[in-house]
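Here the structure comes first, spelled out in structure tokens, and everything after it is commentary.
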Protein chains: 2
Amino acid sequence: MVNNPYYSQEVHGPYELYDVGNLELEEGGTIRNCQLAYATFGTLNAAKDNAILVPTWYSGTNKIIEQVFIGGARALDPAKYFIIIVNQIGSGLSTSPHNTPLPAGMANFPHVRIGDDVRAQHRLLNERFGINRLELVLGWSMGAEQTYEWAVRFPDAVKRALPFAGTAKTTPHDYIFVRSHEDALKSDPAWNGGFYKHQSDVHVGLRRHAQIWSVMGLCQDFYNKEAWRELGFTSLEDFLHRFWEAYFAPMDPNNLIWMGWKWRHGDVSLHTDGDLKAALGRIKAKTYVVPFSRDMFFPPADCEAEQKLIPNSEFRVIDSLQAHFAMFCLTKSDREQIDACIRDLLAEKVD
Amino acid sequence: MVNNPYYSQEVHGPYELYDVGNLELEEGGTIRNCQLAYATFGTLNAAKDNAILVPTWYSGTNKIIEQVFIGGARALDPAKYFIIIVNQIGSGLSTSPHNTPLPAGMANFPHVRIGDDVRAQHRLLNERFGINRLELVLGWSMGAEQTYEWAVRFPDAVKRALPFAGTAKTTPHDYIFVRSHEDALKSDPAWNGGFYKHQSDVHVGLRRHAQIWSVMGLCQDFYNKEAWRELGFTSLEDFLHRFWEAYFAPMDPNNLIWMGWKWRHGDVSLHTDGDLKAALGRIKAKTYVVPFSRDMFFPPADCEAEQKLIPNSEFRVIDSLQAHFAMFCLTKSDREQIDACIRDLLAEKVD
């Protein structure tokens, strides 16, 4: 267990904790008294049919999703919907390597799969709120993985699914790429096999990890056009240090490594003996598959190949210079395109 | 100076060495008695107007170029042309960090720019062969950088220029990407600031460097389609270990780091106070700019932006699943498309 004030109510709150009990993991082992950190917005109606679930992305928490997406003028309007953001296991707010006491914590933390998260979230929604069916599940990147997992695992519980810039089954290219992130963290001798004293001891690894993110997280055009200038940075190095390195600097290396492992092992076809077509064919939700142009993690072609296997689905590409990071809605165009997807899908008639 | 049998006549020969004398470097410092390793094919005619220059790419040597490109049925036909392949400084065959005695060698080796290579090659061609004008300069990747540098620096000495999958000025995305390669090598504590005893001491860094290459050197589709199967590999890990790691394993870490530095600082606009349009406007050669589809280093759009600034030029995209590595001509289609570019350009009437 590592003391880290970054993962706190002060930085990411308000959020609540719910104990889903012992969580048996798909890879073996058990998380005892698994805690999910979640935040809600709006009011659950009497019929309990206005709930929207938003699981978090790699390194993201409920706070950034609240800041970027939720508001009265936005598609995720708390006046109409009951919006539940659940922090994934390993995020640092829910049960994670850094906040689990030894001997089960740090590098002894067990491998967690996307399916484990979704089962835990299912308990939270059922037990805590009595929600049996979601109006919408939406997520970006690792959040899209969880969205797909929800739609395949609990087809009757998901009316609409909106995976942004993510895949139902991790591609081999993403697999090796995400592993290179993990390796960048592990390359720092201070990582010490996962048993360090302070997360900042691993600052060289955290910075190396940030630098690799800077290469593939955006795109060639973003750098060619020096789009970082519009974000307030004054040089390429300024952007790399003050955005990328600063963003990851306070995080826990093991948390990131464990999320990375979960990311690259995402695969809904585990439900169907490796048959991806059969797995995606189980989806009953009306689904929009929405990649971002220029995204190096999830090129539109990779997303479209999956969309074609989903019965009641549409394919929409959001054009953005921000590539994978269009989701941060840093430009008006990104925000409007993303909100339009959410609004249009919510307006679809679904039985 | 590091003993390394990989950089030898046994592995890469036959090649010859030519001493171009002391080479004053653009970044400051001097390489004393700079040696260029080169190999020739065919016969220089009496008019000395049938010479084709091929500079080498990152980590490549004359041998792979001979094996992949030169032959009687090929566009680079030694029955017609006098073909000179020159190994770049830092390649391991020409003067390099590993073969320069201390105190000037290893991590004390000075930074070398593309322009230094081209000036050294110019001396070789003039002094050794009396060649004043080249029928064609062609190169891939870092070889393309040298090709552009030749055409801008010595516009009257280059009749035709054929840069494959490379840029005249390194893009910021390539800059940070190539730097991440260098950092991967340096991340190994055994690198020891560049002063190791044996190159294999740095095997962890060499393997990390290879893994990062595996991510961006190819493309998503290559891995999706498991194209490595056609190359004789039996699994993704088999391909990563037995191709990528094995390829870089015998090389010298400093040589790779110094080539990387040279790569990411490539910029023909140094001739024109940073004005890329003015620099490329100096080119007199008939030029084909030829990127490869799916190339993550050099997306066709980046190459086309430069092509538009070159007066007598054409833009051609080679479609290949091998992405940046189409140049290895692993498929019949790649080989035929590349040979067609060379043949067509050589057939162009140029004054």
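Ordering of the structure tokens sets the chain letters (A, B, ...); residue numbers start at 1 within each chain; ligands are numbered from 1 in the order shown.
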Where does range 164-199 of chain A meet range 267-273 of chain A within 12 Å, residue by residue, with the nearest atom pair and distance in Å to one decimal for each, counting only C-alpha atoms, listed by chain and rising number, as a Markdown table?
| residue | atom | partner | partner_atom | distance |
| --- | --- | --- | --- | --- |
| A:Gly166 | CA | A:Asp267 | CA | 11.5 |
| A:Thr167 | CA | A:Asp267 | CA | 8.5 |
| A:Ala168 | CA | A:Val268 | CA | 5.8 |
| A:Lys169 | CA | A:Asp267 | CA | 4.0 |
| A:Thr170 | CA | A:Asp267 | CA | 6.2 |
| A:Thr171 | CA | A:Asp267 | CA | 9.3 |
| A:Pro172 | CA | A:Asp267 | CA | 11.4 |
| A:Tyr175 | CA | A:Asp267 | CA | 11.3 |
List as a JSON list (two decimals) with N, CA and C atoms, in the first residue's frame the protein and nucleic acid residues near Pro110 in chain A, meaning an atom at most 9 Å away when only C-alpha atoms are counted, but skip any in the same chain fewer than 6 places from it.
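Here's the written file around.json:
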[["chain", "number", "residue", "atom", "x", "y", "z"],
["A", 25, "LEU", "N", -11.84, -13.60, -9.79],
["A", 25, "LEU", "CA", -11.31, -13.06, -11.05],
["A", 25, "LEU", "C", -11.22, -14.12, -12.14],
["A", 27, "GLU", "N", -8.98, -14.57, -14.32],
["A", 27, "GLU", "CA", -7.63, -15.13, -14.45],
["A", 27, "GLU", "C", -7.22, -15.92, -13.22],
["A", 28, "GLY", "N", -8.13, -16.06, -12.26],
["A", 28, "GLY", "CA", -7.79, -16.74, -11.01],
["A", 28, "GLY", "C", -7.53, -15.74, -9.90],
["A", 29, "GLY", "N", -7.76, -16.17, -8.69],
["A", 29, "GLY", "CA", -7.57, -15.28, -7.56],
["A", 29, "GLY", "C", -8.83, -14.49, -7.25],
["A", 30, "THR", "N", -8.79, -13.78, -6.14],
["A", 30, "THR", "CA", -9.96, -13.05, -5.65],
["A", 30, "THR", "C", -9.52, -11.70, -5.13],
["A", 31, "ILE", "N", -10.26, -10.68, -5.48],
["A", 31, "ILE", "CA", -10.08, -9.40, -4.79],
["A", 31, "ILE", "C", -11.07, -9.41, -3.63],
["A", 97, "PRO", "N", -3.77, -1.73, -7.31],
["A", 97, "PRO", "CA", -2.51, -2.21, -6.71],
["A", 97, "PRO", "C", -2.00, -1.29, -5.60],
["A", 104, "ALA", "N", -1.25, -8.52, -0.61],
["A", 104, "ALA", "CA", -2.04, -8.66, -1.85],
["A", 104, "ALA", "C", -1.84, -7.48, -2.80],
["A", 258, "TRP", "N", -1.09, -2.35, -14.35],
["A", 258, "TRP", "CA", -2.20, -3.32, -14.25],
["A", 258, "TRP", "C", -3.36, -2.94, -15.18]]
Each residue of range 185-299 of chain B lying at most 12 Å from range 40-61 of chain B should get a row with its shortest atom-to-atom pair and the distance in Å to one decimal, counting only C-alpha atoms; could you produce that, ordered by chain and increasing number, as CSV?
residue,atom,partner,partner_atom,distance
B:Ala210,CA,B:Ser59,CA,11.7
B:Trp213,CA,B:Tyr58,CA,11.7
B:Gly217,CA,B:Tyr58,CA,11.9
B:Tyr247,CA,B:Ser59,CA,9.5
B:Phe248,CA,B:Ser59,CA,8.2
B:Ala249,CA,B:Ser59,CA,11.4
B:Pro250,CA,B:Ser59,CA,10.9
B:Met251,CA,B:Ser59,CA,8.1
B:Asp252,CA,B:Ser59,CA,9.7
B:Pro253,CA,B:Ser59,CA,10.6
B:Asn254,CA,B:Ser59,CA,11.5
B:Asn255,CA,B:Ser59,CA,8.4
B:Leu256,CA,B:Ser59,CA,6.8
B:Ile257,CA,B:Tyr58,CA,10.1
B:Trp258,CA,B:Tyr58,CA,10.1
B:Met259,CA,B:Tyr58,CA,6.5
B:Gly260,CA,B:Tyr58,CA,7.6
B:Trp261,CA,B:Tyr58,CA,10.8
B:Lys262,CA,B:Tyr58,CA,9.7
B:Trp263,CA,B:Tyr58,CA,8.0
B:Arg264,CA,B:Tyr58,CA,11.2
Using 6 Å as the limit and counting only C-alpha atoms, can you tabulate each residue of chain B that touches chain A, with its shortest atom-to-atom distance in Å and the two atoms involved, as a tab-separated table?
residue	atom	partner	partner_atom	distance
B:Pro172	CA	A:Tyr223	CA	5.8
B:His173	CA	A:Gln220	CA	5.4
B:Phe177	CA	A:Val215	CA	5.7
B:Val215	CA	A:Phe177	CA	5.7
B:Gln220	CA	A:His173	CA	5.4
B:Tyr223	CA	A:Pro172	CA	5.8
Keeping only N, CA, C and O atoms, take the residues you just selected and write them out as a tab-separated table (two decimals), in the first residue's frame.
chain	number	residue	atom	x	y	z
B	172	PRO	N	8.06	16.69	-36.67
B	172	PRO	CA	8.17	16.61	-35.20
B	172	PRO	C	7.74	15.25	-34.65
B	172	PRO	O	8.28	14.80	-33.65
B	173	HIS	N	6.78	14.61	-35.33
B	173	HIS	CA	6.36	13.29	-34.84
B	173	HIS	C	7.49	12.28	-34.98
B	173	HIS	O	7.75	11.49	-34.06
B	177	PHE	N	9.53	10.27	-32.03
B	177	PHE	CA	9.50	8.82	-32.14
B	177	PHE	C	10.92	8.24	-32.17
B	177	PHE	O	11.24	7.28	-31.45
B	215	VAL	N	6.41	-1.87	-33.05
B	215	VAL	CA	5.12	-1.19	-32.97
B	215	VAL	C	4.90	-0.23	-34.14
B	215	VAL	O	3.86	-0.25	-34.79
B	220	GLN	N	-0.91	-1.53	-38.36
B	220	GLN	CA	-1.97	-2.30	-37.73
B	220	GLN	C	-2.38	-3.48	-38.61
B	220	GLN	O	-2.52	-4.61	-38.13
B	223	TYR	N	-0.26	-6.66	-38.67
B	223	TYR	CA	-0.46	-7.56	-37.52
B	223	TYR	C	-1.86	-8.17	-37.53
B	223	TYR	O	-2.04	-9.34	-37.17
| field | Which of range 110-172 of chain B DSSP labels alpha helix (DSSP H), written as a ChimeraX atom specification | value | /B:114-123,129,142-153,172
Got time to write the residues from that selection, N, CA, C and O atoms, as a short mmCIF file (atom, residue, chain, number, x, y, z; two decimals), in the first residue's frame?
data_model
loop_
_atom_site.label_atom_id
_atom_site.label_comp_id
_atom_site.auth_asym_id
_atom_site.auth_seq_id
_atom_site.Cartn_x
_atom_site.Cartn_y
_atom_site.Cartn_z
N ILE B 114 23.20 14.67 -41.54
CA ILE B 114 23.03 14.16 -42.91
C ILE B 114 23.96 14.91 -43.88
O ILE B 114 24.56 14.31 -44.77
N GLY B 115 24.10 16.20 -43.67
CA GLY B 115 24.96 17.00 -44.54
C GLY B 115 26.41 16.57 -44.48
O GLY B 115 27.14 16.65 -45.48
N ASP B 116 26.86 16.11 -43.32
CA ASP B 116 28.24 15.62 -43.21
C ASP B 116 28.42 14.37 -44.06
O ASP B 116 29.43 14.21 -44.75
N ASP B 117 27.44 13.48 -44.00
CA ASP B 117 27.51 12.28 -44.83
C ASP B 117 27.61 12.63 -46.30
O ASP B 117 28.42 12.08 -47.05
N VAL B 118 26.75 13.56 -46.70
CA VAL B 118 26.68 13.87 -48.14
C VAL B 118 27.97 14.55 -48.60
O VAL B 118 28.47 14.26 -49.69
N ARG B 119 28.55 15.39 -47.78
CA ARG B 119 29.83 16.00 -48.17
C ARG B 119 30.93 14.93 -48.26
O ARG B 119 31.77 14.95 -49.16
N ALA B 120 30.91 13.99 -47.33
CA ALA B 120 31.90 12.90 -47.38
C ALA B 120 31.70 12.05 -48.63
O ALA B 120 32.66 11.68 -49.32
N GLN B 121 30.45 11.75 -48.95
CA GLN B 121 30.16 10.94 -50.15
C GLN B 121 30.59 11.69 -51.41
O GLN B 121 31.07 11.08 -52.38
N HIS B 122 30.40 13.00 -51.39
CA HIS B 122 30.78 13.82 -52.54
C HIS B 122 32.29 13.72 -52.78
O HIS B 122 32.74 13.58 -53.92
N ARG B 123 33.05 13.76 -51.70
CA ARG B 123 34.51 13.60 -51.84
C ARG B 123 34.84 12.23 -52.42
O ARG B 123 35.68 12.11 -53.32
N PHE B 129 36.50 8.37 -57.90
CA PHE B 129 35.98 7.93 -59.21
C PHE B 129 35.92 9.03 -60.26
O PHE B 129 35.65 8.76 -61.42
N MET B 142 16.31 6.86 -43.95
CA MET B 142 17.46 7.75 -43.82
C MET B 142 18.19 7.90 -45.15
O MET B 142 18.83 8.92 -45.40
N GLY B 143 18.09 6.91 -46.02
CA GLY B 143 18.65 7.04 -47.37
C GLY B 143 17.92 8.10 -48.17
O GLY B 143 18.52 8.79 -49.01
N ALA B 144 16.64 8.27 -47.91
CA ALA B 144 15.87 9.33 -48.57
C ALA B 144 16.32 10.70 -48.05
O ALA B 144 16.43 11.66 -48.82
N GLU B 145 16.61 10.77 -46.76
CA GLU B 145 17.13 12.04 -46.23
C GLU B 145 18.41 12.44 -46.95
O GLU B 145 18.62 13.60 -47.30
N GLN B 146 19.29 11.46 -47.15
CA GLN B 146 20.55 11.74 -47.85
C GLN B 146 20.29 12.10 -49.31
O GLN B 146 20.96 12.95 -49.89
N THR B 147 19.30 11.45 -49.90
CA THR B 147 18.94 11.75 -51.29
C THR B 147 18.49 13.20 -51.42
O THR B 147 18.93 13.94 -52.32
N TYR B 148 17.60 13.62 -50.53
CA TYR B 148 17.16 15.03 -50.56
C TYR B 148 18.33 15.97 -50.33
O TYR B 148 18.45 17.01 -50.97
N GLU B 149 19.19 15.61 -49.40
CA GLU B 149 20.33 16.48 -49.09
C GLU B 149 21.25 16.62 -50.31
O GLU B 149 21.71 17.72 -50.62
N TRP B 150 21.47 15.52 -51.00
CA TRP B 150 22.25 15.58 -52.24
C TRP B 150 21.61 16.54 -53.24
O TRP B 150 22.27 17.39 -53.83
N ALA B 151 20.33 16.40 -53.45
CA ALA B 151 19.63 17.17 -54.48
C ALA B 151 19.59 18.66 -54.14
O ALA B 151 19.60 19.50 -55.04
N VAL B 152 19.54 18.99 -52.85
CA VAL B 152 19.49 20.40 -52.44
C VAL B 152 20.89 21.00 -52.37
O VAL B 152 21.13 22.13 -52.79
N ARG B 153 21.82 20.23 -51.84
CA ARG B 153 23.17 20.75 -51.62
C ARG B 153 23.96 20.82 -52.92
O ARG B 153 24.74 21.76 -53.13
N PRO B 172 8.06 16.69 -36.67
CA PRO B 172 8.17 16.61 -35.20
C PRO B 172 7.74 15.25 -34.65
O PRO B 172 8.28 14.80 -33.65
#
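Checking B:His241, B:Trp191, B:Arg128, B:Phe328 one by one against Ile65 in chain B, counting only C-alpha atoms, you find the shortest gap at B:Phe328.
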| Within 8 Å of Ala340 in chain B, counting only C-alpha atoms, which residues qualify if same-chain residues fewer than 4 places away don't, as a count of residues only? | 3
